[in-house]
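Okay, run_33.txt now, which holds compact mmCIF, N, CA and C atoms:
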```
# COMPACT_ATOMS: atom_id res chain seq x y z
N MET G 1 -1.05 -17.85 -4.72
CA MET G 1 -1.36 -18.09 -3.34
C MET G 1 -2.76 -17.58 -3.00
N PHE G 2 -3.01 -16.31 -3.34
CA PHE G 2 -4.34 -15.76 -3.11
C PHE G 2 -5.10 -15.80 -4.42
N LYS G 3 -6.37 -16.12 -4.35
CA LYS G 3 -7.16 -16.28 -5.55
C LYS G 3 -7.56 -14.94 -6.15
N LYS G 4 -7.59 -14.90 -7.47
CA LYS G 4 -8.05 -13.72 -8.17
C LYS G 4 -9.51 -13.50 -7.81
N GLY G 5 -9.85 -12.26 -7.56
CA GLY G 5 -11.21 -11.94 -7.15
C GLY G 5 -11.30 -11.53 -5.70
N THR G 6 -10.20 -11.70 -4.97
CA THR G 6 -10.19 -11.28 -3.57
C THR G 6 -9.42 -9.97 -3.44
N LYS G 7 -9.76 -9.22 -2.41
CA LYS G 7 -9.08 -7.95 -2.17
C LYS G 7 -7.60 -8.17 -1.90
N ILE G 8 -7.28 -9.23 -1.19
CA ILE G 8 -5.89 -9.49 -0.84
C ILE G 8 -5.05 -9.77 -2.09
N TYR G 9 -5.65 -10.33 -3.12
CA TYR G 9 -4.95 -10.57 -4.39
C TYR G 9 -4.56 -9.23 -5.01
N SER G 10 -5.50 -8.31 -5.04
CA SER G 10 -5.23 -6.99 -5.62
C SER G 10 -4.15 -6.26 -4.82
N VAL G 11 -4.21 -6.34 -3.51
CA VAL G 11 -3.25 -5.63 -2.65
C VAL G 11 -1.86 -6.23 -2.79
N THR G 12 -1.74 -7.54 -2.71
CA THR G 12 -0.42 -8.16 -2.73
C THR G 12 0.25 -8.10 -4.10
N ASN G 13 -0.54 -8.08 -5.17
CA ASN G 13 0.02 -8.05 -6.52
C ASN G 13 -0.01 -6.66 -7.15
N SER G 14 -0.51 -5.66 -6.43
CA SER G 14 -0.63 -4.28 -6.94
C SER G 14 -1.36 -4.25 -8.28
N LYS G 15 -2.52 -4.86 -8.29
CA LYS G 15 -3.33 -4.92 -9.50
C LYS G 15 -4.58 -4.05 -9.35
N CYS G 16 -5.21 -3.75 -10.44
CA CYS G 16 -6.44 -2.96 -10.45
C CYS G 16 -7.48 -3.65 -9.57
N PRO G 17 -8.16 -2.89 -8.70
CA PRO G 17 -9.13 -3.52 -7.80
C PRO G 17 -10.38 -4.04 -8.51
N ARG G 18 -10.66 -3.55 -9.73
CA ARG G 18 -11.87 -4.00 -10.42
C ARG G 18 -11.63 -5.23 -11.28
N CYS G 19 -10.56 -5.25 -12.10
CA CYS G 19 -10.35 -6.38 -13.01
C CYS G 19 -9.25 -7.33 -12.55
N HIS G 20 -8.40 -6.91 -11.64
CA HIS G 20 -7.27 -7.69 -11.12
C HIS G 20 -6.29 -8.10 -12.22
N GLU G 21 -6.26 -7.35 -13.32
CA GLU G 21 -5.33 -7.66 -14.40
C GLU G 21 -4.37 -6.51 -14.67
N GLY G 22 -4.86 -5.29 -14.72
CA GLY G 22 -4.02 -4.15 -15.01
C GLY G 22 -3.16 -3.75 -13.82
N ASP G 23 -1.98 -3.25 -14.10
CA ASP G 23 -1.10 -2.78 -13.03
C ASP G 23 -1.64 -1.49 -12.43
N PHE G 24 -1.52 -1.36 -11.13
CA PHE G 24 -1.98 -0.17 -10.42
C PHE G 24 -0.93 0.93 -10.46
N PHE G 25 0.32 0.58 -10.23
CA PHE G 25 1.41 1.54 -10.22
C PHE G 25 2.12 1.55 -11.57
N LYS G 26 2.66 2.70 -11.96
CA LYS G 26 3.38 2.81 -13.22
C LYS G 26 4.68 2.02 -13.19
N TYR G 27 5.33 2.00 -12.05
CA TYR G 27 6.63 1.36 -11.93
C TYR G 27 6.55 0.22 -10.93
N LYS G 28 7.35 -0.81 -11.18
CA LYS G 28 7.48 -1.87 -10.19
C LYS G 28 8.12 -1.27 -8.95
N PHE G 29 8.26 -2.02 -7.89
CA PHE G 29 8.79 -1.47 -6.65
C PHE G 29 10.15 -0.83 -6.87
N THR G 30 10.26 0.42 -6.47
CA THR G 30 11.49 1.19 -6.65
C THR G 30 11.75 2.03 -5.40
N LEU G 31 12.99 2.43 -5.23
CA LEU G 31 13.33 3.31 -4.11
C LEU G 31 13.46 4.76 -4.57
N ASN G 32 13.22 5.02 -5.84
CA ASN G 32 13.26 6.38 -6.36
C ASN G 32 12.06 7.15 -5.80
N PRO G 33 12.29 8.19 -4.99
CA PRO G 33 11.17 8.89 -4.33
C PRO G 33 10.13 9.47 -5.28
N SER G 34 10.55 9.85 -6.47
CA SER G 34 9.59 10.45 -7.40
C SER G 34 8.73 9.40 -8.10
N LYS G 35 9.10 8.13 -8.01
CA LYS G 35 8.36 7.08 -8.72
C LYS G 35 7.61 6.13 -7.79
N ILE G 36 7.78 6.28 -6.49
CA ILE G 36 7.21 5.30 -5.55
C ILE G 36 5.70 5.21 -5.67
N THR G 37 5.01 6.34 -5.69
CA THR G 37 3.55 6.31 -5.67
C THR G 37 2.90 6.76 -6.98
N GLN G 38 3.65 6.78 -8.07
CA GLN G 38 3.05 7.18 -9.34
C GLN G 38 2.12 6.08 -9.86
N LEU G 39 0.91 6.48 -10.17
CA LEU G 39 -0.12 5.56 -10.65
C LEU G 39 -0.38 5.79 -12.12
N HIS G 40 -0.96 4.79 -12.76
CA HIS G 40 -1.53 5.01 -14.08
C HIS G 40 -2.77 5.87 -13.89
N ASP G 41 -3.14 6.66 -14.90
CA ASP G 41 -4.37 7.45 -14.80
C ASP G 41 -5.59 6.52 -14.79
N ASN G 42 -5.57 5.54 -15.67
CA ASN G 42 -6.65 4.56 -15.78
C ASN G 42 -6.03 3.16 -15.83
N CYS G 43 -6.83 2.18 -15.53
CA CYS G 43 -6.38 0.80 -15.63
C CYS G 43 -6.13 0.48 -17.11
N PRO G 44 -4.99 -0.12 -17.44
CA PRO G 44 -4.71 -0.46 -18.84
C PRO G 44 -5.68 -1.52 -19.40
N LYS G 45 -6.33 -2.30 -18.55
CA LYS G 45 -7.21 -3.37 -19.03
C LYS G 45 -8.69 -2.98 -19.03
N CYS G 46 -9.21 -2.46 -17.90
CA CYS G 46 -10.65 -2.20 -17.79
C CYS G 46 -10.99 -0.71 -17.81
N ASP G 47 -9.98 0.14 -17.88
CA ASP G 47 -10.15 1.59 -17.97
C ASP G 47 -10.77 2.23 -16.73
N LEU G 48 -10.63 1.59 -15.57
CA LEU G 48 -11.07 2.19 -14.32
C LEU G 48 -10.22 3.41 -14.03
N ARG G 49 -10.86 4.52 -13.72
CA ARG G 49 -10.12 5.72 -13.38
C ARG G 49 -9.67 5.61 -11.93
N TYR G 50 -8.37 5.67 -11.70
CA TYR G 50 -7.84 5.48 -10.36
C TYR G 50 -8.05 6.70 -9.47
N MET G 51 -7.90 7.89 -10.00
CA MET G 51 -8.13 9.10 -9.23
C MET G 51 -9.60 9.47 -9.41
N MET G 52 -10.46 8.85 -8.60
CA MET G 52 -11.90 8.97 -8.77
C MET G 52 -12.42 10.39 -8.58
N GLU G 53 -11.77 11.11 -7.72
CA GLU G 53 -12.14 12.50 -7.47
C GLU G 53 -10.87 13.23 -7.04
N PRO G 54 -10.88 14.54 -7.11
CA PRO G 54 -9.67 15.26 -6.69
C PRO G 54 -9.32 14.90 -5.24
N SER G 55 -8.07 14.72 -5.01
CA SER G 55 -7.54 14.41 -3.68
C SER G 55 -8.07 13.09 -3.11
N PHE G 56 -8.40 12.15 -3.97
CA PHE G 56 -8.94 10.86 -3.52
C PHE G 56 -8.00 10.15 -2.56
N PHE G 57 -6.71 10.19 -2.85
CA PHE G 57 -5.76 9.41 -2.06
C PHE G 57 -5.31 10.12 -0.79
N PHE G 58 -5.91 11.26 -0.45
CA PHE G 58 -5.62 11.87 0.85
C PHE G 58 -6.09 10.93 1.97
N GLY G 59 -7.13 10.17 1.71
CA GLY G 59 -7.62 9.22 2.70
C GLY G 59 -6.64 8.10 2.97
N ALA G 60 -5.73 7.86 2.03
CA ALA G 60 -4.72 6.82 2.23
C ALA G 60 -3.78 7.18 3.38
N MET G 61 -3.77 8.46 3.76
CA MET G 61 -2.94 8.86 4.91
C MET G 61 -3.41 8.17 6.18
N TYR G 62 -4.71 7.95 6.30
CA TYR G 62 -5.24 7.26 7.49
C TYR G 62 -4.80 5.80 7.50
N VAL G 63 -4.81 5.17 6.34
CA VAL G 63 -4.33 3.79 6.24
C VAL G 63 -2.84 3.75 6.57
N ASN G 64 -2.10 4.71 6.03
CA ASN G 64 -0.66 4.79 6.29
C ASN G 64 -0.39 4.97 7.78
N TYR G 65 -1.19 5.78 8.42
CA TYR G 65 -1.05 5.98 9.87
C TYR G 65 -1.25 4.67 10.62
N GLY G 66 -2.29 3.94 10.25
CA GLY G 66 -2.54 2.65 10.89
C GLY G 66 -1.41 1.66 10.67
N LEU G 67 -0.88 1.61 9.46
CA LEU G 67 0.25 0.73 9.18
C LEU G 67 1.49 1.14 9.98
N THR G 68 1.71 2.45 10.09
CA THR G 68 2.85 2.96 10.84
C THR G 68 2.74 2.61 12.31
N VAL G 69 1.56 2.74 12.88
CA VAL G 69 1.36 2.38 14.29
C VAL G 69 1.59 0.88 14.48
N ALA G 70 1.07 0.06 13.57
CA ALA G 70 1.24 -1.38 13.69
C ALA G 70 2.71 -1.78 13.60
N ILE G 71 3.45 -1.17 12.67
CA ILE G 71 4.88 -1.46 12.54
C ILE G 71 5.62 -1.01 13.78
N SER G 72 5.26 0.16 14.30
CA SER G 72 5.93 0.68 15.50
C SER G 72 5.72 -0.23 16.71
N ILE G 73 4.50 -0.67 16.91
CA ILE G 73 4.20 -1.55 18.05
C ILE G 73 4.91 -2.89 17.90
N ALA G 74 4.86 -3.46 16.69
CA ALA G 74 5.52 -4.74 16.45
C ALA G 74 7.03 -4.63 16.66
N THR G 75 7.61 -3.56 16.15
CA THR G 75 9.06 -3.37 16.31
C THR G 75 9.42 -3.19 17.77
N PHE G 76 8.62 -2.42 18.48
CA PHE G 76 8.89 -2.20 19.92
C PHE G 76 8.82 -3.50 20.70
N LEU G 77 7.78 -4.29 20.43
CA LEU G 77 7.64 -5.56 21.15
C LEU G 77 8.77 -6.53 20.83
N ILE G 78 9.15 -6.60 19.57
CA ILE G 78 10.25 -7.48 19.19
C ILE G 78 11.56 -7.01 19.82
N ALA G 79 11.79 -5.69 19.77
CA ALA G 79 13.04 -5.15 20.31
C ALA G 79 13.15 -5.35 21.82
N THR G 80 12.05 -5.16 22.52
CA THR G 80 12.12 -5.27 23.98
C THR G 80 12.00 -6.70 24.48
N LEU G 81 11.10 -7.48 23.90
CA LEU G 81 10.88 -8.84 24.40
C LEU G 81 11.89 -9.86 23.89
N LEU G 82 12.23 -9.78 22.61
CA LEU G 82 13.14 -10.78 22.05
C LEU G 82 14.60 -10.40 22.20
N PHE G 83 14.90 -9.11 22.02
CA PHE G 83 16.30 -8.68 22.05
C PHE G 83 16.69 -7.96 23.33
N SER G 84 15.75 -7.74 24.22
CA SER G 84 15.99 -7.08 25.52
C SER G 84 16.72 -5.74 25.38
N LEU G 85 16.30 -4.96 24.39
CA LEU G 85 16.89 -3.63 24.19
C LEU G 85 16.32 -2.65 25.19
N THR G 86 17.08 -1.60 25.47
CA THR G 86 16.59 -0.54 26.36
C THR G 86 15.53 0.26 25.63
N LEU G 87 14.89 1.16 26.36
CA LEU G 87 13.85 1.99 25.77
C LEU G 87 14.39 2.84 24.64
N LEU G 88 15.52 3.47 24.83
CA LEU G 88 16.13 4.32 23.80
C LEU G 88 16.53 3.49 22.58
N GLN G 89 17.09 2.32 22.80
CA GLN G 89 17.45 1.45 21.69
C GLN G 89 16.22 0.97 20.93
N SER G 90 15.14 0.72 21.65
CA SER G 90 13.89 0.28 21.02
C SER G 90 13.33 1.38 20.12
N PHE G 91 13.38 2.62 20.61
CA PHE G 91 12.88 3.73 19.78
C PHE G 91 13.77 3.95 18.56
N ALA G 92 15.05 3.74 18.70
CA ALA G 92 15.95 3.82 17.54
C ALA G 92 15.60 2.73 16.53
N ALA G 93 15.28 1.54 17.01
CA ALA G 93 14.88 0.44 16.13
C ALA G 93 13.58 0.77 15.40
N ILE G 94 12.65 1.42 16.11
CA ILE G 94 11.38 1.82 15.49
C ILE G 94 11.63 2.82 14.37
N ILE G 95 12.46 3.81 14.62
CA ILE G 95 12.75 4.83 13.60
C ILE G 95 13.42 4.20 12.39
N ILE G 96 14.35 3.30 12.62
CA ILE G 96 15.02 2.63 11.50
C ILE G 96 14.03 1.78 10.71
N ALA G 97 13.18 1.04 11.40
CA ALA G 97 12.18 0.20 10.72
C ALA G 97 11.22 1.05 9.89
N LEU G 98 10.78 2.18 10.44
CA LEU G 98 9.86 3.04 9.71
C LEU G 98 10.52 3.67 8.48
N LEU G 99 11.77 4.06 8.61
CA LEU G 99 12.48 4.64 7.47
C LEU G 99 12.69 3.61 6.36
N VAL G 100 13.05 2.40 6.76
CA VAL G 100 13.29 1.35 5.77
C VAL G 100 12.00 0.95 5.07
N LEU G 101 10.89 0.91 5.80
CA LEU G 101 9.62 0.45 5.25
C LEU G 101 8.75 1.56 4.64
N THR G 102 9.23 2.79 4.62
CA THR G 102 8.44 3.90 4.08
C THR G 102 7.97 3.67 2.64
N PRO G 103 8.85 3.27 1.70
CA PRO G 103 8.35 3.06 0.32
C PRO G 103 7.25 2.01 0.25
N LEU G 104 7.42 0.92 0.97
CA LEU G 104 6.40 -0.13 0.99
C LEU G 104 5.11 0.38 1.62
N ASN G 105 5.23 1.13 2.69
CA ASN G 105 4.07 1.69 3.39
C ASN G 105 3.26 2.62 2.49
N LEU G 106 3.94 3.47 1.75
CA LEU G 106 3.25 4.42 0.86
C LEU G 106 2.46 3.69 -0.22
N ARG G 107 3.08 2.71 -0.83
CA ARG G 107 2.40 1.97 -1.89
C ARG G 107 1.24 1.14 -1.33
N LEU G 108 1.50 0.48 -0.22
CA LEU G 108 0.49 -0.37 0.40
C LEU G 108 -0.73 0.43 0.84
N SER G 109 -0.52 1.61 1.38
CA SER G 109 -1.65 2.41 1.85
C SER G 109 -2.54 2.85 0.69
N ARG G 110 -1.96 3.16 -0.46
CA ARG G 110 -2.77 3.57 -1.61
C ARG G 110 -3.59 2.42 -2.18
N ILE G 111 -2.97 1.28 -2.31
CA ILE G 111 -3.69 0.14 -2.88
C ILE G 111 -4.77 -0.36 -1.93
N ILE G 112 -4.51 -0.31 -0.63
CA ILE G 112 -5.54 -0.69 0.34
C ILE G 112 -6.70 0.30 0.29
N TRP G 113 -6.38 1.59 0.20
CA TRP G 113 -7.42 2.62 0.20
C TRP G 113 -8.36 2.46 -0.99
N ILE G 114 -7.84 2.26 -2.19
CA ILE G 114 -8.72 2.14 -3.36
C ILE G 114 -9.51 0.83 -3.31
N ASN G 115 -8.94 -0.21 -2.70
CA ASN G 115 -9.67 -1.47 -2.57
C ASN G 115 -10.84 -1.37 -1.61
N MET G 116 -10.85 -0.36 -0.75
CA MET G 116 -11.98 -0.16 0.15
C MET G 116 -13.21 0.34 -0.60
N PHE G 117 -13.00 0.92 -1.78
CA PHE G 117 -14.10 1.56 -2.50
C PHE G 117 -14.47 0.88 -3.82
N VAL G 118 -13.59 0.06 -4.35
CA VAL G 118 -13.84 -0.57 -5.64
C VAL G 118 -13.88 -2.09 -5.46
N SER G 119 -14.91 -2.71 -6.00
CA SER G 119 -15.06 -4.17 -5.90
C SER G 119 -14.66 -4.85 -7.18
N TYR G 120 -14.29 -6.09 -7.06
CA TYR G 120 -13.90 -6.90 -8.22
C TYR G 120 -15.12 -7.22 -9.07
N LYS G 121 -14.96 -7.07 -10.37
CA LYS G 121 -16.01 -7.45 -11.32
C LYS G 121 -15.38 -8.40 -12.32
N LYS G 122 -15.89 -9.60 -12.34
CA LYS G 122 -15.36 -10.60 -13.26
C LYS G 122 -15.65 -10.19 -14.69
N SER G 123 -14.62 -10.20 -15.55
CA SER G 123 -14.82 -9.81 -16.94
C SER G 123 -15.55 -10.91 -17.70
N ILE G 124 -16.24 -10.48 -18.69
CA ILE G 124 -17.08 -11.43 -19.46
C ILE G 124 -16.26 -12.14 -20.51
```
Just dump the structure as structure tokens.
Amino acid sequence: MFKKGTKIYSVTNSKCPRCHEGDFFKYKFTLNPSKITQLHDNCPKCDLRYMMEPSFFFGAMYVNYGLTVAISIATFLIATLLFSLTLLQSFAAIIIALLVLTPLNLRLSRIIWINMFVSYKKSI
């Protein structure tokens, strides 16, 4: 759907931001808390070091915050406008949505964060 060489390809397929071939995460999507955000040290294909500097992925917390706010607003609007839920019910729906989407949010924030700093380089 998305062409190789675009940032969205790397994000949606969890691929290395430089070569778009190597896997970014060690494990496919899992609900095991200890495996959700485990990365390879380097890209298996182009040898890009994922942890560029100590605490590199602390910045992914800002991306995660933005995703959390977006999910919260969308859930609130859907709950109140489409389902006519009360305020308390809407907040319960937000909490449930955030809990259910936490594993996806954590992985997505890391891959988006590294894609902000690394560009695609077509292999020779």
Next item on the list: Just give me the residues with any atom within 8 Å of (9.9, -0.4, 11.8), file coordinates, counting all atoms listed in the file, written as a PyMOL selection string.
Entry: chain G and resi 68+70-76+93-102
Item checked: Nearest to G:Asn42 by atom-to-atom distance, counting only C-alpha atoms, from G:Cys16, G:Glu21, G:Thr86, G:Tyr65 ->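 Smallest distance to G:Asn42 is found for G:Cys16.
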Item checked: Distance in Å - atom CA of G:Leu104 versus atom CA of G:Ser119 -> 22.9 Å
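You will find atom CA of G:Phe58 at 17.8 Å from atom CA of G:Pro33.
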Note to self: Could you go through stretch 16-105 of chain G and tell me which residues DSSP, when run on the backbone, assigns to strand (DSSP E or B), listing them as a list in words?
What the structure shows: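 Taking stretch 16-105 of chain G and keeping strand (DSSP E or B) only, one gets Asp23, Phe25, Leu39, Asn42 and Arg49 of chain G.
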Take the residues from that selection and put them in a file with N, CA and C atoms, as a compact mmCIF listing (two decimals), in the coordinates of the input.
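Output contents, as saved in result_27.txt:
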```
# COMPACT_ATOMS: atom_id res chain seq x y z
N ASP G 23 -1.98 -3.25 -14.10
CA ASP G 23 -1.10 -2.78 -13.03
C ASP G 23 -1.64 -1.49 -12.43
N PHE G 25 0.32 0.58 -10.23
CA PHE G 25 1.41 1.54 -10.22
C PHE G 25 2.12 1.55 -11.57
N LEU G 39 0.91 6.48 -10.17
CA LEU G 39 -0.12 5.56 -10.65
C LEU G 39 -0.38 5.79 -12.12
N ASN G 42 -5.57 5.54 -15.67
CA ASN G 42 -6.65 4.56 -15.78
C ASN G 42 -6.03 3.16 -15.83
N ARG G 49 -10.86 4.52 -13.72
CA ARG G 49 -10.12 5.72 -13.38
C ARG G 49 -9.67 5.61 -11.93
```
Check: Please, what distance in Å, to one decimal, runs between atom CA of G:Ile112 and atom CA of G:Val11?
Finding: 6.2 Å
Need to verify the contact set: stretch 105-108 of chain G, 6.5 Å, all atoms listed in the file, exclusion of same-chain residues closer than 6 positions in sequence. Can you return it as an mmCIF file with N, CA and C atoms, keeping the file's coordinate frame?
```cif
data_model
loop_
_atom_site.group_PDB
_atom_site.id
_atom_site.type_symbol
_atom_site.label_atom_id
_atom_site.label_comp_id
_atom_site.auth_asym_id
_atom_site.auth_seq_id
_atom_site.Cartn_x
_atom_site.Cartn_y
_atom_site.Cartn_z
ATOM 1 N N ILE G 36 7.780 6.280 -6.490
ATOM 2 C CA ILE G 36 7.210 5.300 -5.550
ATOM 3 C C ILE G 36 5.700 5.210 -5.670
ATOM 4 N N THR G 37 5.010 6.340 -5.690
ATOM 5 C CA THR G 37 3.550 6.310 -5.670
ATOM 6 C C THR G 37 2.900 6.760 -6.980
ATOM 7 N N ASN G 64 -2.100 4.710 6.030
ATOM 8 C CA ASN G 64 -0.660 4.790 6.290
ATOM 9 C C ASN G 64 -0.390 4.970 7.780
#
```
For stretch 48-57 of chain G, I'd like the enclosing box, axis-aligned and padded by 5 Å on every side, reported as lines of an AutoDock Vina configuration file with centre and edge lengths in Å to one decimal.
```
center_x = -8.9
center_y = 8.4
center_z = -8.2
size_x = 17.1
size_y = 23.7
size_z = 24.8
```
Check: Of the candidates G:Met51, G:Lys122, G:Met61, G:Tyr27, which shows the shortest atom-to-atom distance to G:Gly5, using only C-alpha atoms?
Finding: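 Comparing G:Met51, G:Lys122, G:Met61, G:Tyr27 against G:Gly5, the winner is G:Lys122.
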Next item on the list: Identify, on the basis of all atoms listed in the file, every residue whose closest approach to G:Ile114 does not exceed 8 Å; exclude the query and any residue fewer than 3 positions from it along the same chain; express the result as a count of residues only.
Entry: 15
Next item on the list: Determine, counting only C-alpha atoms, which protein, DNA and RNA residues have an atom within 12 Å of an atom of G:Lys45; residues of the same chain fewer than 4 positions away are not included. Present the result as a PyMOL selection string.
Entry: chain G and resi 15-24+40-41+49+123
Next item on the list: Could you find all residues in chain G that DSSP calls alpha helix (DSSP H) from the backbone, and write them as a ChimeraX atom specification?
Entry: /G:7-13,60-77,87-115
Note to self: Just checking: using only C-alpha atoms, which residue out of G:Leu87, G:Leu77, G:Trp113, G:Tyr9 ends up closest to G:Met52?
What the structure shows: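 Of G:Leu87, G:Leu77, G:Trp113, G:Tyr9, the one nearest G:Met52 is G:Trp113, counting only C-alpha atoms.
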